[in-house]
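Engineer: Have a look at this one.
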Amino acid sequence: MAAVKVCEAEKVYIMHGVRDDLRLDGRGCEDYRHMEIETDVVSNTDGSAKISLGHTDVLVGIKAEIGKPRPMVPDEGYLEFFVDCSANATPEFEGRGGEELGVELSNTLYKVFNNRHSLDLRSLCICPGENCWVLYVDVLLLQCDGNLFDAISIAIKAALFNTRIPKVHISEDEEGGKEIELSDDPFDCMRLNVENVPCIVTLCKIGHRHVVDATLQEKACSVASLLIAVTHTGMVTCVRKMGGGSLDPESIFEMTEAGKRVGKSLHAPLMDLLQKEESLGKKRQKVGFLG
Amino acid sequence: MAVEMRLPAVHKHVSLKTGQSSREDKHLVVPGDVITSDTGFMRGHGTYMDEDRLTASVAGQVERVNKLICVKPLKTRYNGEVGDVVVGRITEVQQKRWKVETNSRLDSVLLLSAVNLPGGELRRRSTQDELAMRDYLQEGDLISAEVQSIFSDGALSLHTRSLKYGKLGQGVLVYVSPSLVKRQKTHFHNLPCGASLILGNNGYVWLSPTPALQEEQAGGFYTSMEPVSLSDREVVSRLRNCLLALANQKVLLFDTSVLYCYEASLQHQIKDILKPEIMEEIVLETRQRLMEHEG
């Protein structure tokens, strides 16, 4: 993780600020920095989204490919995650530097998203036991300024919303062999139901309180954080504790409650924004990377 | 709690009418632009010869001294000059010296002989002092200092031999581009809104609540860990966001511009200052006031 150095006096200043519910940038403990989200930014993917949260910049691309379903669940498709930590984000990621973080991120994302509660994996099935859609979710970290998990999860939800999978027709010949035909019409496609896709909320324990959307400086002051994946109904799908420090059972309870509350309220504005963007259609001026 | 999501705004260029003419006076170039095809000029920093044509290798402003042509880049690391005030972070404690990160290409050096020892004693530095170096300044600590000299490789040698320099206590460090800090007679300001500001020439700006007892704080190695009052905190946070807004809109930073921006921001909540449209509005107001001020 891109670490910043913070001296003792700065730490004290940040910690007292959190206690007073006034962080360095004027936010309260449960406020997010403002986010900018754009979908359909990469033309050669089936769905893509870019999010910037403060100075954190994440690009997500989703490619659908036909693969073989897992033997345990023959009637479901699945998701594959890969997180690429670009050396643009921080020089520490150069070479193999970002690998460890990338693997950690993709494992967590796999746990959070690849289950039938968050996404209707059955809809990805083409022919039970033989063919299914595999969604390759590629995450590219362009800039790191703290709170990667939340930004990535929101970007994934937006990209899944944007994903269009071509419809397939299965035809059988005389010998019983099956043939899969892809529809040629680019508008003849399947959309995913993203209603239940969770968003991740990371809560960092600083002093006796916890904050959401911690910047790198704030993260340096916290010894333990709790990652909570919450759906739009407030259902918690995944909880993970990160960092070397320990957490009181009581504070874990408090943090889960706060995470649930915050996570629940993330979904409505996100869906509004995605609907709004889609309703703009071709009129929307694309901003992309140079805007 | 608040969540604010939006579509990215298409960047539009805001410029004041009078600003445009002054831009034409400045000779601005991007890499690859031919500055002159006259062979009578000498090639300076930021330029190269491309088939007898003097061409820019960096984006910036052309500067000419007699026959020498340089391009001063707009985005750069910090190029130190003797007498500059800098804010830096200690990265290493070595024998008789500290290494300081100051946003320049090489880490700067702060020699043990170039600091005031606690208590303001003037004496030879003994081995005892050398052993106790980490007690004065340790890795991660922030200092304000002045550039004493520049080594042949471009690394800076700093000194803190004045009561105004030394270790920094509680406050916020803001990173801006070094080209945005205006060179002035003084870079230490006690703003009337109740905060102190150190505008380091290296683009590191230090904001802290103005201490009640000036003499006790300055230059010493003692830092107060007492909680800062909420009202002071609000001022510092507001100033921090104002500085970032000014830097985002490429306004030169000096005491007046910061203060005008602070006053313009007062009608908004602190956390809203960093929203693009509010940032633009505040900075536009600041620009207008600055122009009125200039006459």
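Ordered as shown in the structure tokens, chains take letters A, B, and onward, while each chain numbers its residues from 1 and ligands are numbered from 1 in the order shown.
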Tell me, which residues of segment 229-279 of chain A carry DSSP helix (DSSP H, G or I), written as number ranges by chain?
Structural biologist: A: 249-279
Engineer: Would you kindly report the residues of chain A within 6 Å of chain B, using only C-alpha atoms, as a ChimeraX atom specification?
Structural biologist: /A:5-7,9-10,13,24-27,30-32,34-38,287,291
Engineer: Let me see the file: selected residues, all heavy atoms, as a compact mmCIF listing (two decimals), in the first residue's frame.
Structural biologist:
```txt
# COMPACT_ATOMS: atom_id res chain seq x y z
N LYS A 5 4.28 9.23 5.08
CA LYS A 5 4.86 9.43 6.39
C LYS A 5 4.10 10.54 7.09
O LYS A 5 3.79 11.56 6.50
CB LYS A 5 6.33 9.83 6.23
CG LYS A 5 7.24 8.64 6.16
CD LYS A 5 8.66 9.05 6.50
CE LYS A 5 9.59 7.88 6.37
NZ LYS A 5 10.88 8.30 5.83
N VAL A 6 3.80 10.29 8.34
CA VAL A 6 3.09 11.29 9.13
C VAL A 6 3.81 11.37 10.47
O VAL A 6 4.07 10.34 11.08
CB VAL A 6 1.62 10.88 9.35
CG1 VAL A 6 0.89 11.90 10.16
CG2 VAL A 6 0.91 10.70 8.02
N CYS A 7 4.15 12.57 10.91
CA CYS A 7 4.88 12.65 12.17
C CYS A 7 3.92 12.65 13.34
O CYS A 7 2.71 12.78 13.19
CB CYS A 7 5.81 13.86 12.20
SG CYS A 7 5.01 15.42 12.49
N ALA A 9 3.18 14.67 15.77
CA ALA A 9 2.31 15.83 16.04
C ALA A 9 1.16 15.87 15.04
O ALA A 9 0.03 16.19 15.39
CB ALA A 9 3.12 17.12 15.95
N GLU A 10 1.44 15.52 13.78
CA GLU A 10 0.36 15.49 12.77
C GLU A 10 -0.67 14.45 13.15
O GLU A 10 -1.88 14.66 13.00
CB GLU A 10 0.93 15.14 11.40
CG GLU A 10 1.60 16.30 10.68
CD GLU A 10 2.21 15.83 9.37
OE1 GLU A 10 3.27 15.17 9.40
OE2 GLU A 10 1.60 16.09 8.33
N TYR A 13 -2.85 15.66 15.78
CA TYR A 13 -3.78 16.65 15.22
C TYR A 13 -4.95 15.95 14.52
O TYR A 13 -6.10 16.31 14.69
CB TYR A 13 -3.04 17.56 14.25
CG TYR A 13 -3.86 18.71 13.75
CD1 TYR A 13 -4.03 19.85 14.53
CD2 TYR A 13 -4.48 18.67 12.52
CE1 TYR A 13 -4.79 20.91 14.09
CE2 TYR A 13 -5.25 19.73 12.06
CZ TYR A 13 -5.40 20.84 12.85
OH TYR A 13 -6.16 21.89 12.41
N LEU A 24 -9.44 16.79 8.52
CA LEU A 24 -8.56 17.80 7.93
C LEU A 24 -9.23 18.57 6.80
O LEU A 24 -9.01 19.76 6.64
CB LEU A 24 -7.29 17.14 7.38
CG LEU A 24 -6.34 16.50 8.39
CD1 LEU A 24 -5.05 16.13 7.70
CD2 LEU A 24 -6.08 17.41 9.55
N ASP A 25 -10.04 17.86 5.99
CA ASP A 25 -10.66 18.54 4.86
C ASP A 25 -12.06 19.03 5.18
O ASP A 25 -12.83 19.32 4.28
CB ASP A 25 -10.66 17.64 3.62
CG ASP A 25 -11.03 16.22 3.97
OD1 ASP A 25 -11.46 15.99 5.11
OD2 ASP A 25 -10.90 15.33 3.11
N GLY A 26 -12.39 19.10 6.47
CA GLY A 26 -13.67 19.68 6.87
C GLY A 26 -14.82 18.69 6.89
O GLY A 26 -15.94 19.06 7.22
N ARG A 27 -14.55 17.43 6.52
CA ARG A 27 -15.62 16.45 6.52
C ARG A 27 -15.91 15.96 7.93
O ARG A 27 -15.06 16.03 8.80
CB ARG A 27 -15.21 15.23 5.68
CG ARG A 27 -15.25 15.47 4.21
CD ARG A 27 -14.89 14.20 3.48
NE ARG A 27 -13.50 13.84 3.70
CZ ARG A 27 -13.04 12.60 3.60
NH1 ARG A 27 -13.85 11.61 3.34
NH2 ARG A 27 -11.76 12.35 3.78
N GLU A 30 -18.52 10.54 8.90
CA GLU A 30 -19.21 9.61 8.00
C GLU A 30 -19.45 10.22 6.62
O GLU A 30 -20.36 9.82 5.92
CB GLU A 30 -20.53 9.14 8.64
CG GLU A 30 -20.27 8.26 9.85
CD GLU A 30 -21.54 7.64 10.41
OE1 GLU A 30 -22.61 7.86 9.84
OE2 GLU A 30 -21.42 6.94 11.43
N ASP A 31 -18.63 11.18 6.26
CA ASP A 31 -18.78 11.81 4.95
C ASP A 31 -17.79 11.22 3.95
O ASP A 31 -16.64 10.94 4.30
CB ASP A 31 -18.53 13.32 5.04
CG ASP A 31 -19.63 14.03 5.79
OD1 ASP A 31 -20.72 13.45 5.88
OD2 ASP A 31 -19.38 15.14 6.28
N TYR A 32 -18.26 11.10 2.72
CA TYR A 32 -17.37 10.71 1.63
C TYR A 32 -16.85 11.97 0.94
O TYR A 32 -17.50 13.01 0.97
CB TYR A 32 -18.12 9.86 0.61
CG TYR A 32 -18.10 8.39 0.92
CD1 TYR A 32 -19.01 7.82 1.81
CD2 TYR A 32 -17.16 7.57 0.33
CE1 TYR A 32 -18.98 6.48 2.09
CE2 TYR A 32 -17.12 6.22 0.61
CZ TYR A 32 -18.03 5.68 1.49
OH TYR A 32 -17.98 4.35 1.76
N HIS A 34 -16.14 13.89 -2.60
CA HIS A 34 -17.11 13.81 -3.69
C HIS A 34 -16.55 12.92 -4.81
O HIS A 34 -15.36 12.85 -5.06
CB HIS A 34 -17.58 15.19 -4.14
CG HIS A 34 -16.83 15.78 -5.25
ND1 HIS A 34 -15.78 16.62 -5.07
CD2 HIS A 34 -16.99 15.63 -6.58
CE1 HIS A 34 -15.32 16.97 -6.23
NE2 HIS A 34 -16.01 16.39 -7.18
N MET A 35 -17.50 12.20 -5.40
CA MET A 35 -17.11 11.17 -6.38
C MET A 35 -17.55 11.59 -7.76
O MET A 35 -18.60 12.20 -7.93
CB MET A 35 -17.85 9.87 -6.08
CG MET A 35 -17.44 9.19 -4.84
SD MET A 35 -18.44 7.72 -4.66
CE MET A 35 -18.75 7.79 -2.92
N GLU A 36 -16.75 11.22 -8.73
CA GLU A 36 -17.16 11.40 -10.12
C GLU A 36 -17.13 10.04 -10.78
O GLU A 36 -16.13 9.33 -10.72
CB GLU A 36 -16.21 12.37 -10.83
CG GLU A 36 -16.42 13.79 -10.36
CD GLU A 36 -15.60 14.80 -11.13
OE1 GLU A 36 -14.76 14.38 -11.95
OE2 GLU A 36 -15.82 15.99 -10.91
N ILE A 37 -18.25 9.68 -11.37
CA ILE A 37 -18.36 8.35 -11.96
C ILE A 37 -18.75 8.49 -13.43
O ILE A 37 -19.61 9.29 -13.78
CB ILE A 37 -19.42 7.51 -11.22
CG1 ILE A 37 -19.04 7.38 -9.75
CG2 ILE A 37 -19.57 6.13 -11.85
CD1 ILE A 37 -20.15 6.96 -8.86
N GLU A 38 -18.10 7.72 -14.27
CA GLU A 38 -18.45 7.72 -15.69
C GLU A 38 -18.42 6.27 -16.16
O GLU A 38 -17.52 5.51 -15.80
CB GLU A 38 -17.43 8.54 -16.47
CG GLU A 38 -17.91 8.88 -17.85
CD GLU A 38 -16.87 9.65 -18.65
OE1 GLU A 38 -15.70 9.70 -18.23
OE2 GLU A 38 -17.23 10.17 -19.71
N VAL A 287 -16.13 12.37 -21.13
CA VAL A 287 -15.00 13.08 -20.55
C VAL A 287 -13.75 12.21 -20.62
O VAL A 287 -12.70 12.64 -21.09
CB VAL A 287 -15.29 13.48 -19.09
CG1 VAL A 287 -14.09 14.16 -18.48
CG2 VAL A 287 -16.50 14.38 -19.02
N GLY A 291 -10.31 14.87 -19.61
CA GLY A 291 -11.25 15.95 -19.29
C GLY A 291 -10.88 16.81 -18.19
O GLY A 291 -10.27 17.23 -17.51
```
Engineer: For Leu274 of chain A, please output as an mmCIF file with all heavy atoms, in the first residue's frame all residues within 12 Å (counting only C-alpha atoms; exclusion window: fewer than 6 positions along the same chain).
Structural biologist:
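Heads up, here's the output in part-v3.cif:
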```cif
data_model
loop_
_atom_site.group_PDB
_atom_site.id
_atom_site.type_symbol
_atom_site.label_atom_id
_atom_site.label_comp_id
_atom_site.auth_asym_id
_atom_site.auth_seq_id
_atom_site.Cartn_x
_atom_site.Cartn_y
_atom_site.Cartn_z
ATOM 1 N N GLU A 36 -16.748 11.219 -8.735
ATOM 2 C CA GLU A 36 -17.156 11.400 -10.122
ATOM 3 C C GLU A 36 -17.128 10.043 -10.784
ATOM 4 O O GLU A 36 -16.126 9.325 -10.716
ATOM 5 C CB GLU A 36 -16.213 12.370 -10.827
ATOM 6 C CG GLU A 36 -16.417 13.787 -10.362
ATOM 7 C CD GLU A 36 -15.605 14.801 -11.133
ATOM 8 O OE1 GLU A 36 -14.765 14.384 -11.953
ATOM 9 O OE2 GLU A 36 -15.818 15.993 -10.909
ATOM 10 N N ILE A 37 -18.250 9.677 -11.373
ATOM 11 C CA ILE A 37 -18.360 8.348 -11.962
ATOM 12 C C ILE A 37 -18.745 8.489 -13.429
ATOM 13 O O ILE A 37 -19.611 9.290 -13.777
ATOM 14 C CB ILE A 37 -19.424 7.511 -11.219
ATOM 15 C CG1 ILE A 37 -19.038 7.381 -9.753
ATOM 16 C CG2 ILE A 37 -19.567 6.135 -11.852
ATOM 17 C CD1 ILE A 37 -20.150 6.964 -8.861
ATOM 18 N N GLU A 38 -18.104 7.723 -14.274
ATOM 19 C CA GLU A 38 -18.451 7.717 -15.690
ATOM 20 C C GLU A 38 -18.424 6.268 -16.157
ATOM 21 O O GLU A 38 -17.518 5.512 -15.799
ATOM 22 C CB GLU A 38 -17.433 8.543 -16.471
ATOM 23 C CG GLU A 38 -17.910 8.881 -17.855
ATOM 24 C CD GLU A 38 -16.871 9.651 -18.655
ATOM 25 O OE1 GLU A 38 -15.704 9.704 -18.230
ATOM 26 O OE2 GLU A 38 -17.235 10.173 -19.710
ATOM 27 N N THR A 39 -19.413 5.865 -16.934
ATOM 28 C CA THR A 39 -19.396 4.498 -17.454
ATOM 29 C C THR A 39 -19.138 4.533 -18.952
ATOM 30 O O THR A 39 -19.158 5.598 -19.565
ATOM 31 C CB THR A 39 -20.722 3.775 -17.184
ATOM 32 O OG1 THR A 39 -21.759 4.489 -17.838
ATOM 33 C CG2 THR A 39 -21.007 3.664 -15.716
ATOM 34 N N ASP A 40 -18.894 3.339 -19.479
ATOM 35 C CA ASP A 40 -18.670 3.192 -20.918
ATOM 36 C C ASP A 40 -17.474 4.030 -21.374
ATOM 37 O O ASP A 40 -17.557 4.806 -22.314
ATOM 38 C CB ASP A 40 -19.944 3.608 -21.688
ATOM 39 C CG ASP A 40 -19.955 2.994 -23.081
ATOM 40 O OD1 ASP A 40 -19.157 2.077 -23.297
ATOM 41 O OD2 ASP A 40 -20.744 3.443 -23.920
ATOM 42 N N ALA A 49 -16.245 1.284 -16.281
ATOM 43 C CA ALA A 49 -16.565 2.454 -15.478
ATOM 44 C C ALA A 49 -15.287 3.022 -14.914
ATOM 45 O O ALA A 49 -14.312 2.299 -14.683
ATOM 46 C CB ALA A 49 -17.510 2.096 -14.340
ATOM 47 N N ILE A 154 -17.642 0.424 -5.915
ATOM 48 C CA ILE A 154 -18.614 1.281 -6.596
ATOM 49 C C ILE A 154 -18.383 1.228 -8.104
ATOM 50 O O ILE A 154 -19.331 1.127 -8.891
ATOM 51 C CB ILE A 154 -18.520 2.723 -6.053
ATOM 52 C CG1 ILE A 154 -19.012 2.756 -4.611
ATOM 53 C CG2 ILE A 154 -19.358 3.676 -6.893
ATOM 54 C CD1 ILE A 154 -18.747 4.037 -3.893
ATOM 55 N N ALA A 155 -17.100 1.241 -8.486
ATOM 56 C CA ALA A 155 -16.784 1.184 -9.920
ATOM 57 C C ALA A 155 -17.248 -0.140 -10.514
ATOM 58 O O ALA A 155 -17.757 -0.180 -11.635
ATOM 59 C CB ALA A 155 -15.296 1.381 -10.127
ATOM 60 N N LYS A 157 -19.740 -1.999 -9.462
ATOM 61 C CA LYS A 157 -21.197 -1.975 -9.582
ATOM 62 C C LYS A 157 -21.613 -1.182 -10.819
ATOM 63 O O LYS A 157 -22.485 -1.604 -11.585
ATOM 64 C CB LYS A 157 -21.824 -1.386 -8.316
ATOM 65 C CG LYS A 157 -23.336 -1.403 -8.377
ATOM 66 C CD LYS A 157 -23.989 -1.273 -7.026
ATOM 67 C CE LYS A 157 -25.500 -1.280 -7.219
ATOM 68 N NZ LYS A 157 -26.271 -1.467 -6.036
ATOM 69 N N ALA A 158 -20.964 -0.045 -11.016
ATOM 70 C CA ALA A 158 -21.290 0.787 -12.182
ATOM 71 C C ALA A 158 -20.955 0.049 -13.473
ATOM 72 O O ALA A 158 -21.717 0.092 -14.441
ATOM 73 C CB ALA A 158 -20.539 2.105 -12.110
ATOM 74 N N ALA A 159 -19.822 -0.652 -13.480
ATOM 75 C CA ALA A 159 -19.408 -1.359 -14.692
ATOM 76 C C ALA A 159 -20.347 -2.530 -14.974
ATOM 77 O O ALA A 159 -20.679 -2.799 -16.132
ATOM 78 C CB ALA A 159 -17.973 -1.846 -14.552
ATOM 79 N N LEU A 160 -20.792 -3.212 -13.910
ATOM 80 C CA LEU A 160 -21.740 -4.321 -14.099
ATOM 81 C C LEU A 160 -23.060 -3.803 -14.667
ATOM 82 O O LEU A 160 -23.685 -4.430 -15.504
ATOM 83 C CB LEU A 160 -21.992 -5.049 -12.776
ATOM 84 C CG LEU A 160 -20.894 -5.988 -12.299
ATOM 85 C CD1 LEU A 160 -21.180 -6.453 -10.883
ATOM 86 C CD2 LEU A 160 -20.760 -7.189 -13.217
ATOM 87 N N PHE A 161 -23.447 -2.625 -14.188
ATOM 88 C CA PHE A 161 -24.673 -2.005 -14.697
ATOM 89 C C PHE A 161 -24.514 -1.707 -16.188
ATOM 90 O O PHE A 161 -25.451 -1.829 -16.967
ATOM 91 C CB PHE A 161 -24.940 -0.705 -13.926
ATOM 92 C CG PHE A 161 -26.136 0.057 -14.400
ATOM 93 C CD1 PHE A 161 -27.403 -0.258 -13.948
ATOM 94 C CD2 PHE A 161 -26.001 1.105 -15.308
ATOM 95 C CE1 PHE A 161 -28.505 0.441 -14.378
ATOM 96 C CE2 PHE A 161 -27.109 1.803 -15.748
ATOM 97 C CZ PHE A 161 -28.360 1.474 -15.283
ATOM 98 N N ASN A 162 -23.326 -1.320 -16.554
ATOM 99 C CA ASN A 162 -23.032 -0.932 -17.939
ATOM 100 C C ASN A 162 -22.804 -2.136 -18.861
ATOM 101 O O ASN A 162 -22.810 -2.003 -20.081
ATOM 102 C CB ASN A 162 -21.786 -0.027 -17.907
ATOM 103 C CG ASN A 162 -21.415 0.494 -19.269
ATOM 104 O OD1 ASN A 162 -20.312 0.261 -19.730
ATOM 105 N ND2 ASN A 162 -22.336 1.170 -19.926
ATOM 106 N N VAL A 194 -28.293 -5.544 -11.288
ATOM 107 C CA VAL A 194 -27.275 -5.160 -10.302
ATOM 108 C C VAL A 194 -27.893 -4.703 -8.977
ATOM 109 O O VAL A 194 -27.196 -4.181 -8.126
ATOM 110 C CB VAL A 194 -26.361 -4.039 -10.834
ATOM 111 C CG1 VAL A 194 -25.538 -4.532 -11.987
ATOM 112 C CG2 VAL A 194 -27.144 -2.817 -11.229
ATOM 113 N N HIS A 267 -26.164 3.304 -2.220
ATOM 114 C CA HIS A 267 -26.748 2.693 -3.413
ATOM 115 C C HIS A 267 -27.686 3.629 -4.158
ATOM 116 O O HIS A 267 -27.612 3.721 -5.383
ATOM 117 C CB HIS A 267 -27.481 1.403 -3.031
ATOM 118 C CG HIS A 267 -26.543 0.320 -2.621
ATOM 119 N ND1 HIS A 267 -25.979 -0.536 -3.535
ATOM 120 C CD2 HIS A 267 -26.030 -0.019 -1.422
ATOM 121 C CE1 HIS A 267 -25.176 -1.369 -2.887
ATOM 122 N NE2 HIS A 267 -25.185 -1.077 -1.613
ATOM 123 N N ALA A 268 -28.573 4.316 -3.416
ATOM 124 C CA ALA A 268 -29.585 5.136 -4.090
ATOM 125 C C ALA A 268 -28.966 6.192 -5.000
ATOM 126 O O ALA A 268 -29.301 6.255 -6.180
ATOM 127 C CB ALA A 268 -30.510 5.753 -3.053
ATOM 128 N N LEU A 280 -29.284 10.025 -20.684
ATOM 129 C CA LEU A 280 -28.677 11.037 -21.549
ATOM 130 C C LEU A 280 -28.301 10.440 -22.900
ATOM 131 O O LEU A 280 -28.266 11.132 -23.912
ATOM 132 C CB LEU A 280 -27.436 11.640 -20.894
ATOM 133 C CG LEU A 280 -27.682 12.619 -19.757
ATOM 134 C CD1 LEU A 280 -26.372 12.988 -19.108
ATOM 135 C CD2 LEU A 280 -28.387 13.864 -20.260
ATOM 136 N N GLY A 281 -27.998 9.148 -22.876
ATOM 137 C CA GLY A 281 -27.709 8.431 -24.114
ATOM 138 C C GLY A 281 -26.526 9.011 -24.869
ATOM 139 O O GLY A 281 -25.473 9.273 -24.299
ATOM 140 N N MET B 5 -22.369 12.060 -5.440
ATOM 141 C CA MET B 5 -21.890 11.420 -6.666
ATOM 142 C C MET B 5 -22.349 12.237 -7.856
ATOM 143 O O MET B 5 -23.433 12.790 -7.851
ATOM 144 C CB MET B 5 -22.475 10.018 -6.787
ATOM 145 C CG MET B 5 -21.958 9.059 -5.758
ATOM 146 S SD MET B 5 -22.630 7.441 -6.037
ATOM 147 C CE MET B 5 -22.141 6.616 -4.550
ATOM 148 N N ARG B 6 -21.538 12.279 -8.862
ATOM 149 C CA ARG B 6 -21.898 13.061 -10.044
ATOM 150 C C ARG B 6 -21.158 12.558 -11.263
ATOM 151 O O ARG B 6 -20.219 11.765 -11.147
ATOM 152 C CB ARG B 6 -21.558 14.515 -9.809
ATOM 153 C CG ARG B 6 -20.051 14.697 -9.593
ATOM 154 C CD ARG B 6 -19.696 16.117 -9.517
ATOM 155 N NE ARG B 6 -20.056 16.684 -8.239
ATOM 156 C CZ ARG B 6 -20.147 17.977 -8.026
ATOM 157 N NH1 ARG B 6 -19.937 18.809 -8.998
ATOM 158 N NH2 ARG B 6 -20.435 18.436 -6.837
ATOM 159 N N LEU B 7 -21.600 13.027 -12.405
ATOM 160 C CA LEU B 7 -20.875 12.719 -13.634
ATOM 161 C C LEU B 7 -19.692 13.676 -13.703
ATOM 162 O O LEU B 7 -19.772 14.787 -13.204
ATOM 163 C CB LEU B 7 -21.789 12.939 -14.839
ATOM 164 C CG LEU B 7 -22.982 12.002 -14.942
ATOM 165 C CD1 LEU B 7 -23.897 12.457 -16.054
ATOM 166 C CD2 LEU B 7 -22.513 10.588 -15.211
#
```
Engineer: Name the closest residue to Glu65 of chain A among the candidates A:Gly77, A:Gly97, A:Gly243, A:Gly207; distances are taken between atoms, counting only C-alpha atoms.
Structural biologist: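 Of the candidates, the smallest distance to Glu65 of chain A is held by A:Gly77.
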Engineer: Env of Gly32 of chain B: 9 Å cut, atoms = only C-alpha atoms, seq-sep filter 2 positions within chain, self excluded. Answer as a CSV table (one decimal) with N, CA and C atoms, in the first residue's frame.
Structural biologist:
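That gives us around.csv:
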```
chain,number,residue,atom,x,y,z
B,29,VAL,N,5.4,27.8,-24.4
B,29,VAL,CA,5.7,26.8,-25.4
B,29,VAL,C,5.4,25.4,-24.8
B,30,VAL,N,5.2,24.4,-25.7
B,30,VAL,CA,5.1,23.0,-25.3
B,30,VAL,C,6.2,22.3,-25.9
B,34,VAL,N,9.1,25.1,-31.8
B,34,VAL,CA,10.3,25.8,-32.2
B,34,VAL,C,10.3,27.2,-31.6
B,35,ILE,N,11.3,27.5,-30.9
B,35,ILE,CA,11.4,28.8,-30.2
B,35,ILE,C,11.9,29.8,-31.2
B,55,THR,N,14.5,24.3,-30.0
B,55,THR,CA,13.2,23.7,-29.8
B,55,THR,C,13.0,23.5,-28.3
B,56,ALA,N,11.8,23.7,-27.8
B,56,ALA,CA,11.5,23.5,-26.3
B,56,ALA,C,11.4,22.0,-26.0
B,57,SER,N,12.0,21.6,-24.9
B,57,SER,CA,11.9,20.2,-24.4
B,57,SER,C,10.9,20.1,-23.3
B,58,VAL,N,10.5,21.2,-22.7
B,58,VAL,CA,9.5,21.2,-21.6
B,58,VAL,C,8.4,22.2,-21.9
```
Engineer: What is the atom CA of Phe113 of chain A-atom CA of Lys286 of chain A distance in Å, reported with one decimal?
Structural biologist: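 So the answer is 28.2 Å.
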Engineer: Need to verify the contact set: Leu131 of chain B, 10 Å, only C-alpha atoms, exclusion of same-chain residues closer than 4 positions in sequence. Can you return it as a PyMOL selection string?
Structural biologist: chain B and resi 95-96+126-127+135
Engineer: How many Å lie between atom CA of Leu140 of chain A and atom CA of Leu59 of chain A, rounded to one decimal?
Structural biologist: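 These two atoms are separated by 5.1 Å.
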Engineer: Which residues are near Leu135 of chain A? Cut-off 10 Å, only C-alpha atoms, ignore same chain within fewer than 2 positions. Put them as a PyMOL selection string.
Structural biologist: chain A and resi 46+61-67+77-81+124+132-133+137-138+160+163+165
Engineer: What lies within 9 Å of Arg287 of chain B using only C-alpha atoms, ignoring chain neighbours under 6 positions off, as a ChimeraX atom specification?
Structural biologist: /B:16,251,257,260-261
Engineer: Please dump the current selection as a JSON list (two decimals), in the first residue's frame; keep C-alpha atoms.
Structural biologist:
```json
[["chain", "number", "residue", "atom", "x", "y", "z"],
["B", 16, "LEU", "CA", -10.73, 36.91, -17.38],
["B", 251, "VAL", "CA", -3.55, 31.05, -8.72],
["B", 257, "SER", "CA", -4.53, 35.64, -2.28],
["B", 260, "TYR", "CA", -9.09, 36.76, -0.07],
["B", 261, "CYS", "CA", -9.91, 33.18, -0.91]]
```
Engineer: To one decimal place, how far is atom CA of Asp21 of chain A from atom CA of His189 of chain B in Å?
Structural biologist: 27.5 Å
Engineer: Extract the full set of strand (DSSP E) residues from segment 37-103 of chain A according to DSSP on the backbone, and format it as a PyMOL selection string.
Structural biologist: chain A and resi 37-39+47-53+56-67+78-85
Engineer: From the set A:Ser86, A:Thr237, A:Gln143, A:Ser246, which residue has the shortest atom-to-atom contact distance to Lys111 of chain A, counting only C-alpha atoms?
Structural biologist: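 The closest residue to Lys111 of chain A is A:Thr237.
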Engineer: Between A:Arg23, A:Arg33, A:Arg116, A:Arg164, which has the minimum distance to Ser48 of chain A (counting only C-alpha atoms)?
Structural biologist: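 Once distances to Ser48 of chain A are computed over only C-alpha atoms, the minimum belongs to A:Arg164.
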